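Peer 1: Below is the file work-v2.cif, with mmCIF, C-alpha atoms.
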```cif
data_protein
#
loop_
_atom_site.label_atom_id
_atom_site.label_comp_id
_atom_site.auth_asym_id
_atom_site.auth_seq_id
_atom_site.Cartn_x
_atom_site.Cartn_y
_atom_site.Cartn_z
CA MET A 254 4.72 103.61 4.33
CA SER A 255 6.28 101.53 7.10
CA GLU A 256 7.04 103.15 10.42
CA CYS A 257 10.67 103.82 11.38
CA THR A 258 11.98 101.25 13.84
CA HIS A 259 15.04 103.34 14.82
CA ASN A 260 17.17 100.37 13.81
CA CYS A 261 18.90 101.22 10.53
CA SER A 262 19.79 97.59 9.84
CA THR A 263 16.12 96.59 9.61
CA CYS A 264 14.38 99.86 8.75
CA SER A 265 13.58 100.62 5.10
CA GLN A 266 13.16 104.36 5.63
CA ASN A 267 15.69 106.62 3.91
CA CYS A 268 15.61 109.39 6.49
CA SER A 269 18.20 112.02 7.39
CA SER A 270 19.10 110.24 10.63
CA ARG A 271 20.16 107.04 8.84
CA LYS A 272 23.81 106.27 9.56
CA GLU A 273 26.02 103.94 7.59
CA PRO A 274 28.48 101.78 9.53
CA GLU A 275 31.66 103.76 10.14
CA SER A 276 35.05 102.33 9.28
CA LEU A 277 37.47 102.09 12.21
CA ILE A 278 40.51 102.10 9.89
CA GLU A 279 42.99 104.78 10.92
CA LYS A 280 44.66 106.90 8.28
CA PRO A 281 48.46 106.64 8.17
CA HIS A 282 50.63 109.72 8.43
CA GLU A 283 49.99 112.10 5.53
CA LEU A 284 53.58 111.63 4.33
CA SER A 285 53.44 107.82 4.52
CA ASN A 286 52.97 105.56 1.53
CA ILE A 287 52.19 101.95 2.43
CA LYS A 288 50.90 99.52 -0.19
CA LYS A 289 50.35 96.22 1.62
CA VAL A 290 50.09 95.33 5.31
CA ILE A 291 50.77 91.77 6.48
CA GLY A 292 50.11 90.71 10.07
CA VAL A 293 52.26 88.00 11.66
CA VAL A 294 50.35 86.37 14.51
CA SER A 295 50.47 83.43 16.86
CA GLY A 296 48.04 81.89 19.32
CA LYS A 297 50.68 81.65 22.04
CA GLY A 298 54.12 83.03 22.81
CA GLY A 299 57.50 81.46 22.25
CA VAL A 300 56.83 79.92 18.84
CA GLY A 301 59.06 82.22 16.77
CA LYS A 302 56.64 84.85 15.52
CA SER A 303 59.23 87.64 15.59
CA LEU A 304 61.73 85.40 13.82
CA VAL A 305 59.25 84.74 11.00
CA THR A 306 58.50 88.48 10.79
CA THR A 307 62.17 89.33 10.32
CA LEU A 308 62.77 86.51 7.82
CA LEU A 309 59.80 87.57 5.69
CA ALA A 310 60.85 91.24 5.71
CA VAL A 311 64.39 90.30 4.68
CA SER A 312 63.11 87.87 2.02
CA MET A 313 60.88 90.48 0.39
CA GLN A 314 63.65 93.10 0.60
CA ARG A 315 65.94 90.68 -1.25
CA LYS A 316 63.32 90.42 -3.98
CA GLY A 317 63.71 94.14 -4.59
CA TYR A 318 60.72 95.41 -2.60
CA LYS A 319 60.82 98.11 0.05
CA THR A 320 59.80 96.52 3.35
CA ALA A 321 59.09 97.73 6.88
CA ILE A 322 58.29 96.21 10.27
CA LEU A 323 55.85 97.71 12.75
CA ASP A 324 56.64 96.01 16.06
CA ALA A 325 53.25 95.79 17.76
CA ASP A 326 54.53 93.43 20.47
CA ILE A 327 54.93 96.37 22.84
CA THR A 328 55.72 94.45 26.04
CA GLY A 329 57.99 91.92 24.33
CA ALA A 330 59.70 93.98 21.63
CA SER A 331 62.63 92.12 20.04
CA ILE A 332 62.79 93.27 16.42
CA PRO A 333 65.55 95.91 16.83
CA LYS A 334 67.87 93.35 18.49
CA ALA A 335 67.51 90.92 15.59
CA PHE A 336 68.74 93.64 13.21
CA GLY A 337 71.43 94.99 15.53
CA ILE A 338 69.87 98.45 15.75
CA LYS A 339 71.41 100.49 18.56
CA GLU A 340 70.26 104.02 17.74
CA LYS A 341 66.91 105.49 18.78
CA ALA A 342 64.04 106.71 16.62
CA MET A 343 64.04 110.45 16.00
CA GLY A 344 61.12 112.83 16.04
CA THR A 345 60.40 116.09 14.25
CA GLU A 346 57.50 118.52 14.29
CA THR A 347 56.10 116.57 11.36
CA GLY A 348 56.28 113.06 12.79
CA ILE A 349 58.42 110.17 14.00
CA ILE A 350 61.22 108.92 11.75
CA PRO A 351 61.68 105.12 11.88
CA CYS A 352 65.11 103.52 12.13
CA ARG A 353 66.63 101.72 9.16
CA THR A 354 68.50 98.44 9.07
CA LYS A 355 71.72 97.92 7.12
CA THR A 356 69.76 96.89 4.00
CA GLY A 357 67.18 99.68 4.33
CA ILE A 358 64.26 97.98 6.11
CA GLU A 359 62.33 100.56 8.13
CA ILE A 360 61.68 99.60 11.78
CA MET A 361 59.46 101.09 14.47
CA SER A 362 59.46 99.52 17.93
CA VAL A 363 58.95 100.71 21.48
CA ASN A 364 62.55 99.70 22.20
CA LEU A 365 63.62 102.47 19.83
CA LEU A 366 61.98 104.97 22.19
CA LEU A 367 63.06 103.60 25.58
CA GLU A 368 66.22 104.84 27.27
CA ASN A 369 67.32 101.24 27.91
CA ASP A 370 66.28 98.16 25.93
CA THR A 371 65.69 96.26 29.18
CA ASP A 372 63.28 98.83 30.65
CA PRO A 373 59.91 97.08 31.16
CA VAL A 374 56.79 98.48 29.54
CA VAL A 375 54.25 98.33 32.36
CA TRP A 376 51.18 99.63 30.57
CA ARG A 377 47.55 98.57 30.54
CA GLY A 378 45.87 97.25 27.41
CA PRO A 379 44.27 100.48 26.13
CA VAL A 380 47.59 102.36 26.42
CA ILE A 381 49.41 99.60 24.54
CA ALA A 382 46.75 99.59 21.83
CA GLY A 383 47.05 103.37 21.57
CA ALA A 384 50.82 103.13 21.11
CA VAL A 385 50.35 100.66 18.25
CA LYS A 386 47.93 103.07 16.55
CA GLN A 387 50.49 105.86 16.91
CA PHE A 388 53.13 103.71 15.23
CA TRP A 389 50.76 103.73 12.25
CA THR A 390 49.47 107.30 12.36
CA ASP A 391 52.47 109.27 13.66
CA VAL A 392 55.41 107.51 11.99
CA ILE A 393 56.48 108.62 8.52
CA TRP A 394 56.81 105.43 6.49
CA ASN A 395 58.51 106.08 3.15
CA ASP A 396 57.23 104.24 0.05
CA VAL A 397 56.73 100.84 1.69
CA ASP A 398 55.70 97.97 -0.59
CA PHE A 399 55.14 95.46 2.23
CA MET A 400 54.76 96.30 5.91
CA PHE A 401 54.94 93.39 8.34
CA VAL A 402 53.23 93.85 11.71
CA ASP A 403 54.74 91.70 14.46
CA MET A 404 51.83 91.21 16.83
CA PRO A 405 51.82 89.97 20.43
CA PRO A 406 50.59 86.41 20.97
CA GLY A 407 46.94 85.61 21.54
CA THR A 408 43.66 87.14 20.42
CA GLY A 409 43.41 90.08 22.82
CA ASP A 410 43.50 93.88 22.73
CA VAL A 411 46.42 94.53 20.38
CA PRO A 412 45.60 91.99 17.63
CA LEU A 413 42.01 93.25 17.69
CA THR A 414 43.23 96.86 17.49
CA VAL A 415 45.50 96.04 14.55
CA PHE A 416 42.76 94.15 12.68
CA GLN A 417 40.27 96.98 13.18
CA SER A 418 42.56 100.00 12.81
CA LEU A 419 45.03 98.99 10.08
CA PRO A 420 44.13 97.92 6.52
CA VAL A 421 45.51 94.40 6.95
CA ASP A 422 45.66 92.55 3.62
CA GLY A 423 46.33 89.14 5.15
CA ILE A 424 48.05 87.33 8.00
CA VAL A 425 50.70 84.66 8.45
CA ILE A 426 50.08 82.41 11.45
CA VAL A 427 53.11 81.00 13.25
CA ALA A 428 53.04 77.81 15.30
CA SER A 429 55.20 75.01 16.65
CA PRO A 430 54.54 71.26 16.29
CA GLN A 431 52.94 70.41 19.65
CA GLU A 432 49.32 69.25 19.62
CA LEU A 433 48.38 71.98 22.11
CA VAL A 434 49.77 74.63 19.77
CA GLY A 435 47.77 73.06 16.94
CA MET A 436 44.62 73.74 18.92
CA ILE A 437 45.73 77.33 19.58
CA VAL A 438 46.50 77.83 15.87
CA GLU A 439 42.85 77.14 15.15
CA LYS A 440 41.88 79.96 17.53
CA ALA A 441 44.03 82.37 15.49
CA VAL A 442 42.53 81.10 12.23
CA LYS A 443 39.00 81.53 13.56
CA MET A 444 39.77 85.07 14.76
CA ALA A 445 40.96 85.94 11.26
CA GLU A 446 37.71 84.53 9.86
CA LEU A 447 35.66 86.64 12.28
CA MET A 448 37.56 89.75 11.17
CA ASN A 449 37.26 88.81 7.45
CA ILE A 450 41.03 88.80 7.01
CA PRO A 451 42.53 86.11 4.75
CA VAL A 452 45.14 83.69 6.09
CA ILE A 453 48.06 83.81 3.65
CA ALA A 454 50.02 80.91 5.13
CA LEU A 455 50.82 78.84 8.18
CA ALA A 456 54.47 78.82 9.24
CA GLU A 457 55.68 76.11 11.60
CA ASN A 458 58.83 76.96 13.51
CA MET A 459 61.06 74.33 15.17
CA ALA A 460 59.39 71.81 12.88
CA TYR A 461 62.33 69.40 12.85
CA PHE A 462 66.05 69.05 13.40
CA LEU A 463 68.20 68.13 10.42
CA CYS A 464 71.10 65.96 11.58
CA PRO A 465 74.35 67.34 10.11
CA ASP A 466 75.91 63.86 10.13
CA CYS A 467 73.28 61.58 8.61
CA GLY A 468 70.99 64.17 7.00
CA LYS A 469 67.89 62.66 8.65
CA LYS A 470 65.05 64.83 9.94
CA HIS A 471 64.18 64.37 13.63
CA SER A 472 60.84 65.62 15.04
CA ILE A 473 62.10 66.89 18.38
CA PHE A 474 58.77 68.37 19.48
CA GLY A 475 56.54 65.65 18.02
CA GLU A 476 55.03 65.02 14.64
CA SER A 477 53.63 68.00 12.80
CA HIS A 478 49.89 68.53 12.32
CA ILE A 479 50.17 71.85 10.51
CA LYS A 480 49.29 70.46 7.08
CA GLU A 481 46.08 68.89 8.38
CA ILE A 482 45.07 72.16 10.05
CA ALA A 483 45.88 74.11 6.89
CA LYS A 484 43.79 71.75 4.77
CA SER A 485 40.82 71.95 7.13
CA TYR A 486 40.78 75.75 6.75
CA ASN A 487 41.63 75.84 3.04
CA VAL A 488 45.04 77.44 3.58
CA ASP A 489 47.14 76.34 0.63
CA THR A 490 50.58 77.56 1.76
CA VAL A 491 52.53 75.93 4.58
CA ALA A 492 56.17 76.54 5.51
CA GLN A 493 58.33 74.64 7.98
CA ILE A 494 61.41 76.12 9.63
CA PRO A 495 63.87 73.71 11.27
CA ILE A 496 65.67 74.07 14.58
CA ASN A 497 68.75 75.88 13.35
CA ASN A 498 71.50 77.16 15.62
CA LYS A 499 72.74 79.52 12.89
CA LEU A 500 69.42 81.37 12.94
CA ALA A 501 69.59 81.76 16.70
CA ALA A 502 73.17 82.99 16.47
CA ALA A 503 72.22 85.49 13.74
CA VAL A 504 69.44 86.95 15.90
CA ASP A 505 71.72 87.20 18.94
CA ALA A 506 74.39 88.95 16.84
CA GLY A 507 71.90 91.35 15.24
CA ALA A 508 72.72 89.90 11.83
CA ILE A 509 69.43 88.35 10.73
CA GLU A 510 69.80 90.04 7.32
CA LEU A 511 72.61 87.56 6.55
CA PHE A 512 70.48 84.44 7.04
CA GLU A 513 70.64 81.64 4.47
CA GLY A 514 67.64 79.38 3.91
CA ASP A 515 64.68 78.89 1.58
CA TRP A 516 62.12 77.75 4.16
CA LEU A 517 59.81 80.76 3.67
CA ASP A 518 60.19 81.13 -0.09
CA SER A 519 56.66 79.78 -0.74
CA VAL A 520 55.20 82.29 1.71
CA ALA A 521 57.17 85.15 0.14
CA GLU A 522 55.88 84.16 -3.31
CA LYS A 523 52.30 84.14 -2.02
CA ILE A 524 52.76 87.59 -0.45
CA GLU A 525 54.27 88.87 -3.70
CA LYS A 526 51.07 87.97 -5.56
CA LEU A 527 48.81 90.01 -3.26
#
```
Do you think you could lay out the structure here as C-alpha cells?
Peer 2:
Amino acid sequence: MSECTHNCSTCSQNCSSRKEPESLIEKPHELSNIKKVIGVVSGKGGVGKSLVTTLLAVSMQRKGYKTAILDADITGASIPKAFGIKEKAMGTETGIIPCRTKTGIEIMSVNLLLENDTDPVVWRGPVIAGAVKQFWTDVIWNDVDFMFVDMPPGTGDVPLTVFQSLPVDGIVIVASPQELVGMIVEKAVKMAELMNIPVIALAENMAYFLCPDCGKKHSIFGESHIKEIAKSYNVDTVAQIPINNKLAAAVDAGAIELFEGDWLDSVAEKIEKL
C-alpha cells in the first residue's frame, strides 16, 4: 500500500480526510428561478457593453421569454437609465424585489438602491464583488428564462467573481473596431477559456456608419478585425452594430425597449438554443 502524500490530487489513498474540490457557485435566493445566465463582457470600457446587454434582453423578451438584467457594473451602473426606471428597488424580510421595465424585464442595479443616481460608489474591490453576489443571492428573481449579467470592463475582481460564483452558461464579448480593442478582445476570450465558459458570440459596436443619403457603409473607426478574431477562437457567431443616433437617443430617453434593428438577431438565436 502506498503511503499518503497529503496531496489528494496525487494520492491514491481513499481515506476519511480526502476532500473533493468544492464548488464556489453561490445558490440564488430560495424563491428565485433562473434557467440560463449569460455574461456580457468587454476587455475595455466605452465599447457599448451595456447597450448590447439591454438590446439582448429586449430581443429575448420579444421572443416570448422572461428576461432579467443583473447590473454587475457597480461603479458605472447605467442599465436603469436605458429603461427609464425612476423608482427604487424595494426590500422585504424575505429579500430584495427587483424593479420591472415597461415590458416586464426584471432589473437589479446599484442605482436602484442609491438616493441619487449620480452618487458615486467609492468602494474597494472585495466590497463591490460582495454586492454583486448579493444581487444573486438576496434578490428574488421570478421565473427568469434568460438572465443577462452586465459586467464591468476588464478581467479583474468582478468578472472573476461572476464566473466563479454564478452558473454562467456562456458569454457575449463586446468590442469596437480598433486594432487595440481587437487585442483586448483576445484577453477576454482567453479569460473565458481559463474559466471553462463558452463564448457564445462576439458583438462589435460602432462597426460602421450607414450613410442615409447614399446607403454606403463607412468604417469610421477603421476596418473591422472581429471576424478574424472569431475564426481564430472558433466562435461561429459575430454581430455588428452600426453607429446609430436613434439608439443613442433611445438610451438617453429611457426608451431602449422601442429600438428597431436586427443586428443582434443571430446572437439571440444562438442564445435561444442554449
Peer 1: To one decimal in Å, tell me the separation between atom CA of Leu413 of chain A and atom CA of Val311 of chain A.
Peer 2: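 Atom CA of Val311 of chain A lies at a distance of 26.1 Å from atom CA of Leu413 of chain A.
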Peer 1: Could you tell me which of A:Met313, A:Ala521, A:Met459, A:Ile332 comes closest to Asp403 of chain A if we count all atoms listed in the file?
Peer 2: A:Ile332
Peer 1: Using all atoms listed in the file, determine which residues lie at most 9 Å from Asp391 of chain A, disregarding the query and same-chain residues fewer than 5 positions distant; provide the list as a PyMOL selection string.
Peer 2: chain A and resi 281-283+347-350+386
Peer 1: Under the rule that all atoms listed in the file are counted, which of A:Gln417, A:Thr390, A:Thr490, A:Ser485 is the nearest residue to Leu277 of chain A?
Peer 2: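 Among the listed residues, the smallest separation from Leu277 of chain A belongs to A:Gln417.
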Peer 1: Would you kindly translate the PyMOL selection byres ((chain A and resi 420) around 7) into the concrete residues it picks from this file, as JSON, numbers by chain?
Peer 2: {"A": [278, 290, 418, 419, 421, 422]}
Peer 1: Between atom CA of Val305 of chain A and atom CA of Ser285 of chain A, what is the distance in Å, rounded to a tenth?
Peer 2: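 Going from atom CA of Val305 of chain A over to atom CA of Ser285 of chain A covers 24.7 Å.
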Peer 1: Identify, on the basis of only C-alpha atoms, every residue whose closest approach to Lys440 of chain A does not exceed 12 Å; exclude the query and any residue fewer than 5 positions from it along the same chain; express the result as an mmCIF file with C-alpha atoms, keeping the file's coordinate frame.
Peer 2:
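Final output, saved to part07.cif:
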```cif
data_model
loop_
_atom_site.group_PDB
_atom_site.id
_atom_site.type_symbol
_atom_site.label_atom_id
_atom_site.label_comp_id
_atom_site.auth_asym_id
_atom_site.auth_seq_id
_atom_site.Cartn_x
_atom_site.Cartn_y
_atom_site.Cartn_z
ATOM 1 C CA VAL A 294 50.350 86.370 14.510
ATOM 2 C CA SER A 295 50.470 83.430 16.860
ATOM 3 C CA GLY A 296 48.040 81.890 19.320
ATOM 4 C CA LYS A 297 50.680 81.650 22.040
ATOM 5 C CA PRO A 406 50.590 86.410 20.970
ATOM 6 C CA GLY A 407 46.940 85.610 21.540
ATOM 7 C CA THR A 408 43.660 87.140 20.420
ATOM 8 C CA GLY A 409 43.410 90.080 22.820
ATOM 9 C CA ILE A 426 50.080 82.410 11.450
ATOM 10 C CA ALA A 428 53.040 77.810 15.300
ATOM 11 C CA LEU A 433 48.380 71.980 22.110
ATOM 12 C CA VAL A 434 49.770 74.630 19.770
ATOM 13 C CA GLY A 435 47.770 73.060 16.940
ATOM 14 C CA ALA A 445 40.960 85.940 11.260
ATOM 15 C CA GLU A 446 37.710 84.530 9.860
ATOM 16 C CA LEU A 447 35.660 86.640 12.280
ATOM 17 C CA ILE A 482 45.070 72.160 10.050
ATOM 18 C CA TYR A 486 40.780 75.750 6.750
#
```
Peer 1: Within 12 Å of Val488 of chain A, counting all atoms listed in the file, which residues qualify if same-chain residues fewer than 4 places away don't, as a short mmCIF file (atom, residue, chain, number, x, y, z; two decimals) with C-alpha atoms, in the frame of the given file?
Peer 2:
```cif
data_model
loop_
_atom_site.label_atom_id
_atom_site.label_comp_id
_atom_site.auth_asym_id
_atom_site.auth_seq_id
_atom_site.Cartn_x
_atom_site.Cartn_y
_atom_site.Cartn_z
CA GLY A 423 46.33 89.14 5.15
CA ILE A 424 48.05 87.33 8.00
CA VAL A 425 50.70 84.66 8.45
CA ILE A 426 50.08 82.41 11.45
CA GLU A 439 42.85 77.14 15.15
CA VAL A 442 42.53 81.10 12.23
CA GLU A 446 37.71 84.53 9.86
CA PRO A 451 42.53 86.11 4.75
CA VAL A 452 45.14 83.69 6.09
CA ILE A 453 48.06 83.81 3.65
CA ALA A 454 50.02 80.91 5.13
CA LEU A 455 50.82 78.84 8.18
CA ALA A 456 54.47 78.82 9.24
CA ILE A 479 50.17 71.85 10.51
CA LYS A 480 49.29 70.46 7.08
CA GLU A 481 46.08 68.89 8.38
CA ILE A 482 45.07 72.16 10.05
CA ALA A 483 45.88 74.11 6.89
CA LYS A 484 43.79 71.75 4.77
CA ALA A 492 56.17 76.54 5.51
CA VAL A 520 55.20 82.29 1.71
CA LYS A 523 52.30 84.14 -2.02
#
```
Peer 1: From the set A:Trp394, A:Tyr318, A:Phe401, A:Tyr461, which residue has the shortest atom-to-atom contact distance to Thr306 of chain A, counting only C-alpha atoms?
Peer 2: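 The closest residue to Thr306 of chain A is A:Phe401.
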Peer 1: Can you list what the PyMOL selection byres ((chain A and resi 475) around 10) grabs from this structure, as a list in words?
Peer 2: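 Applying the expression gives Ser429, Pro430, Gln431, Glu432, Ala460, Tyr461, His471, Ser472, Ile473, Phe474, Glu476, Ser477 and His478 of chain A.
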Peer 1: Have segment 406-417 of chain A completed to all heavy atoms, please, and pass it along as an mmCIF file, keeping the file's coordinate frame.
Peer 2:
```cif
data_model
loop_
_atom_site.group_PDB
_atom_site.id
_atom_site.type_symbol
_atom_site.label_atom_id
_atom_site.label_comp_id
_atom_site.auth_asym_id
_atom_site.auth_seq_id
_atom_site.Cartn_x
_atom_site.Cartn_y
_atom_site.Cartn_z
ATOM 1 N N PRO A 406 51.342 87.657 21.065
ATOM 2 C CA PRO A 406 50.590 86.410 20.970
ATOM 3 C C PRO A 406 49.165 86.538 21.495
ATOM 4 O O PRO A 406 48.863 87.432 22.293
ATOM 5 C CB PRO A 406 51.404 85.436 21.836
ATOM 6 C CG PRO A 406 52.148 86.326 22.792
ATOM 7 C CD PRO A 406 52.458 87.570 22.022
ATOM 8 N N GLY A 407 48.305 85.649 21.036
ATOM 9 C CA GLY A 407 46.940 85.610 21.540
ATOM 10 C C GLY A 407 45.958 86.365 20.654
ATOM 11 O O GLY A 407 46.276 86.808 19.548
ATOM 12 N N THR A 408 44.748 86.500 21.180
ATOM 13 C CA THR A 408 43.660 87.140 20.420
ATOM 14 C C THR A 408 43.049 88.287 21.230
ATOM 15 O O THR A 408 41.840 88.488 21.216
ATOM 16 C CB THR A 408 42.570 86.100 20.083
ATOM 17 O OG1 THR A 408 42.117 85.467 21.301
ATOM 18 C CG2 THR A 408 43.098 85.038 19.146
ATOM 19 N N GLY A 409 43.896 89.029 21.935
ATOM 20 C CA GLY A 409 43.410 90.080 22.820
ATOM 21 C C GLY A 409 43.395 91.466 22.218
ATOM 22 O O GLY A 409 43.177 91.650 21.013
ATOM 23 N N ASP A 410 43.654 92.460 23.077
ATOM 24 C CA ASP A 410 43.500 93.880 22.730
ATOM 25 C C ASP A 410 44.273 94.294 21.475
ATOM 26 O O ASP A 410 43.706 94.885 20.556
ATOM 27 C CB ASP A 410 43.971 94.761 23.897
ATOM 28 C CG ASP A 410 42.893 94.927 24.951
ATOM 29 O OD1 ASP A 410 41.769 94.466 24.706
ATOM 30 O OD2 ASP A 410 43.183 95.511 26.007
ATOM 31 N N VAL A 411 45.583 94.010 21.465
ATOM 32 C CA VAL A 411 46.420 94.530 20.380
ATOM 33 C C VAL A 411 46.092 93.893 19.033
ATOM 34 O O VAL A 411 45.931 94.613 18.035
ATOM 35 C CB VAL A 411 47.913 94.407 20.722
ATOM 36 C CG1 VAL A 411 48.772 94.813 19.532
ATOM 37 C CG2 VAL A 411 48.247 95.283 21.931
ATOM 38 N N PRO A 412 46.000 92.545 18.926
ATOM 39 C CA PRO A 412 45.600 91.990 17.630
ATOM 40 C C PRO A 412 44.258 92.538 17.143
ATOM 41 O O PRO A 412 44.098 92.840 15.961
ATOM 42 C CB PRO A 412 45.509 90.478 17.907
ATOM 43 C CG PRO A 412 46.464 90.251 19.025
ATOM 44 C CD PRO A 412 46.349 91.479 19.891
ATOM 45 N N LEU A 413 43.311 92.693 18.071
ATOM 46 C CA LEU A 413 42.010 93.250 17.690
ATOM 47 C C LEU A 413 42.161 94.684 17.204
ATOM 48 O O LEU A 413 41.560 95.078 16.201
ATOM 49 C CB LEU A 413 41.053 93.186 18.884
ATOM 50 C CG LEU A 413 39.610 93.650 18.631
ATOM 51 C CD1 LEU A 413 38.958 92.795 17.555
ATOM 52 C CD2 LEU A 413 38.804 93.607 19.923
ATOM 53 N N THR A 414 42.982 95.475 17.894
ATOM 54 C CA THR A 414 43.230 96.860 17.490
ATOM 55 C C THR A 414 43.845 96.921 16.094
ATOM 56 O O THR A 414 43.446 97.726 15.251
ATOM 57 C CB THR A 414 44.158 97.566 18.499
ATOM 58 O OG1 THR A 414 43.491 97.649 19.765
ATOM 59 C CG2 THR A 414 44.514 98.973 18.026
ATOM 60 N N VAL A 415 44.832 96.059 15.849
ATOM 61 C CA VAL A 415 45.500 96.040 14.550
ATOM 62 C C VAL A 415 44.506 95.651 13.450
ATOM 63 O O VAL A 415 44.436 96.297 12.395
ATOM 64 C CB VAL A 415 46.696 95.075 14.555
ATOM 65 C CG1 VAL A 415 47.249 94.890 13.141
ATOM 66 C CG2 VAL A 415 47.793 95.599 15.475
ATOM 67 N N PHE A 416 43.726 94.610 13.686
ATOM 68 C CA PHE A 416 42.760 94.150 12.680
ATOM 69 C C PHE A 416 41.714 95.209 12.369
ATOM 70 O O PHE A 416 41.257 95.328 11.233
ATOM 71 C CB PHE A 416 42.067 92.870 13.141
ATOM 72 C CG PHE A 416 42.947 91.650 13.094
ATOM 73 C CD1 PHE A 416 42.642 90.534 13.855
ATOM 74 C CD2 PHE A 416 44.071 91.605 12.299
ATOM 75 C CE1 PHE A 416 43.444 89.406 13.814
ATOM 76 C CE2 PHE A 416 44.881 90.491 12.242
ATOM 77 C CZ PHE A 416 44.565 89.381 13.007
ATOM 78 N N GLN A 417 41.318 95.985 13.377
ATOM 79 C CA GLN A 417 40.270 96.980 13.180
ATOM 80 C C GLN A 417 40.797 98.326 12.694
ATOM 81 O O GLN A 417 40.090 99.060 12.016
ATOM 82 C CB GLN A 417 39.481 97.182 14.483
ATOM 83 C CG GLN A 417 38.623 96.001 14.878
ATOM 84 C CD GLN A 417 37.819 96.268 16.144
ATOM 85 O OE1 GLN A 417 38.261 97.009 17.023
ATOM 86 N NE2 GLN A 417 36.655 95.667 16.237
#
```
